[in-house]
Amino acid sequence: MKHLVLPLLALLLSSCAGYQVGTSKPAHLQNVTKLYVPTFTNETLEPRLAVLVTNAVIKQIQMSGAYQIVSQDQADATLEARISDLDRSQWRAVRNNTLRTRELLVRLRTDYKVVDPSGTKLHAGRVLGESYVVLDPNFQTSERQALSEAAERMSATLVDEISSGW
């Protein structure tokens with residue numbers, strides 16, 4: 001019986017050796033635990049896009065658990081971002097009419113930086129989010145869904161860059 005208990009106990013105790021709970025942030029962001037995220041700057045002509053993208057990023061940060069979202073006076077750093085470009089292009093055409101769009105490709109580019117309270121840049125980058133949507137008769141609804149999906153994909157990439165250090 002002793003011969004079975006000792007190896008089993010050793011196996012159970014070593015199963016989580018080297019692992020830790022939580023995220024593994026980049027080294028230059030290790031001291032940042034609380035993040036302030038103001039509404040992003042929108043340099044495109046799309047109305048209400050800044051709020052859509054900012055909310056997607058905040059939701060993604062909260063899901064990752066890497067940072068706590070707080071007000072500016074409590075923050076260790078601020079995530080500033082600028083929506084620099086929004087492209088819409090035809091992805092697929094209707095089979096018998098190449099001028100009529102069947103699927104739309106939406107690309108969203110955002111430049112961001114994480115700065116500490118003194119204004120020192122801790123991290124910066126550019127992320128891209130893409131979405132493909134099949135157009136239905138209500139073009140505005142289809143396009144808004146594509147923008148939302150592109151914002152979600154872009155925010156996943158942005159949060160991955162600021163919260164994963166490997």
# chains A, B, ... in the order shown; residues from 1 in each chain; ligands from 1
call {"tool": "residues_around", "arguments": {"residues": "Ser155 of chain A", "least_positions_apart": "2", "cutoff": "8 Å", "atoms": "only C-alpha atoms", "output": "count of residues only"}}
result
11
call {"tool": "select_by_dssp", "arguments": {"residues": "chain A", "states": "helix (DSSP H, G or I)", "output": "VMD selection string"}}
result
chain A and resid 2 to 14 27 to 29 49 to 64 72 to 74 139 to 163
call {"tool": "closest_residue", "arguments": {"among": "A:Arg109, A:Leu52, A:Met63, A:Val115", "to": "Thr78 of chain A", "atoms": "only C-alpha atoms"}}
result
A:Val115
call {"tool": "atom_distance", "arguments": {"atom1": "atom CA of Ser64 of chain A", "atom2": "atom CA of Ala156 of chain A"}}
result
9.3 Å
call {"tool": "residues_around", "arguments": {"residues": "Ala150 of chain A", "least_positions_apart": "2", "cutoff": "9 Å", "atoms": "only C-alpha atoms", "output": "JSON, numbers by chain"}}
result
{"A": [53, 106, 107, 108, 128, 129, 130, 131, 132, 145, 146, 147, 148, 152, 153, 154, 155]}
call {"tool": "residues_around", "arguments": {"residues": "Glu46 of chain A", "least_positions_apart": "4", "cutoff": "12 Å", "atoms": "only C-alpha atoms", "output": "PDB file with C-alpha atoms, in the first residue's frame"}}
result
ATOM      1  CA  THR A  41     -10.795  58.947 -30.965  1.00  0.00           C
ATOM      2  CA  ASN A  42     -12.642  58.314 -34.222  1.00  0.00           C
ATOM      3  CA  ALA A  50     -15.788  55.169 -31.215  1.00  0.00           C
ATOM      4  CA  VAL A  51     -18.261  54.054 -28.562  1.00  0.00           C
ATOM      5  CA  LEU A  52     -18.816  50.690 -30.264  1.00  0.00           C
ATOM      6  CA  VAL A  53     -15.074  49.960 -30.409  1.00  0.00           C
ATOM      7  CA  ILE A  83      -9.564  54.532 -34.892  1.00  0.00           C
ATOM      8  CA  SER A  84      -7.515  55.484 -37.911  1.00  0.00           C
ATOM      9  CA  ASP A  85      -9.210  53.755 -40.807  1.00  0.00           C
ATOM     10  CA  LEU A  86     -12.382  51.954 -41.822  1.00  0.00           C
ATOM     11  CA  ASP A  87     -12.431  50.166 -45.178  1.00  0.00           C
ATOM     12  CA  ARG A  88     -15.419  48.601 -46.852  1.00  0.00           C
ATOM     13  CA  LEU A 108     -11.041  48.401 -38.959  1.00  0.00           C
ATOM     14  CA  GLU A 143     -23.170  46.762 -42.236  1.00  0.00           C
ATOM     15  CA  ARG A 144     -23.675  47.530 -38.528  1.00  0.00           C
ATOM     16  CA  LEU A 147     -18.744  46.755 -37.848  1.00  0.00           C
TER      17      LEU A 147
END
call {"tool": "atom_distance", "arguments": {"atom1": "atom CA of Ala81 of chain A", "atom2": "atom CA of Asn31 of chain A"}}
result
20.6 Å
call {"tool": "closest_residue", "arguments": {"among": "A:Thr120, A:Asn138, A:Thr33, A:Asn96", "to": "Gln68 of chain A", "atoms": "only C-alpha atoms"}}
result
A:Thr33
call {"tool": "atom_distance", "arguments": {"atom1": "atom CA of Asp116 of chain A", "atom2": "atom CA of Glu43 of chain A"}}
result
23.8 Å
call {"tool": "select_by_dssp", "arguments": {"residues": "segment 19-130 of chain A", "states": "strand (DSSP E or B)", "output": "MDAnalysis selection string"}}
result
chainID A and resid 34:36 41:42 68:69 77:94 97:115 121:130
call {"tool": "closest_residue", "arguments": {"among": "A:Leu104, A:Ala66, A:Val114, A:Leu29", "to": "Ser89 of chain A", "atoms": "only C-alpha atoms"}}
result
A:Leu104
call {"tool": "closest_residue", "arguments": {"among": "A:Arg102, A:Arg48, A:Lys121, A:Lys113", "to": "Ile162 of chain A", "atoms": "only C-alpha atoms"}}
result
A:Lys113
call {"tool": "closest_residue", "arguments": {"among": "A:His28, A:Ile69, A:Ile58, A:Leu79", "to": "Gly119 of chain A", "atoms": "only C-alpha atoms"}}
result
A:Leu79
call {"tool": "closest_residue", "arguments": {"among": "A:Thr110, A:Thr54, A:Thr44, A:Ser142", "to": "Val127 of chain A", "atoms": "only C-alpha atoms"}}
result
A:Thr110
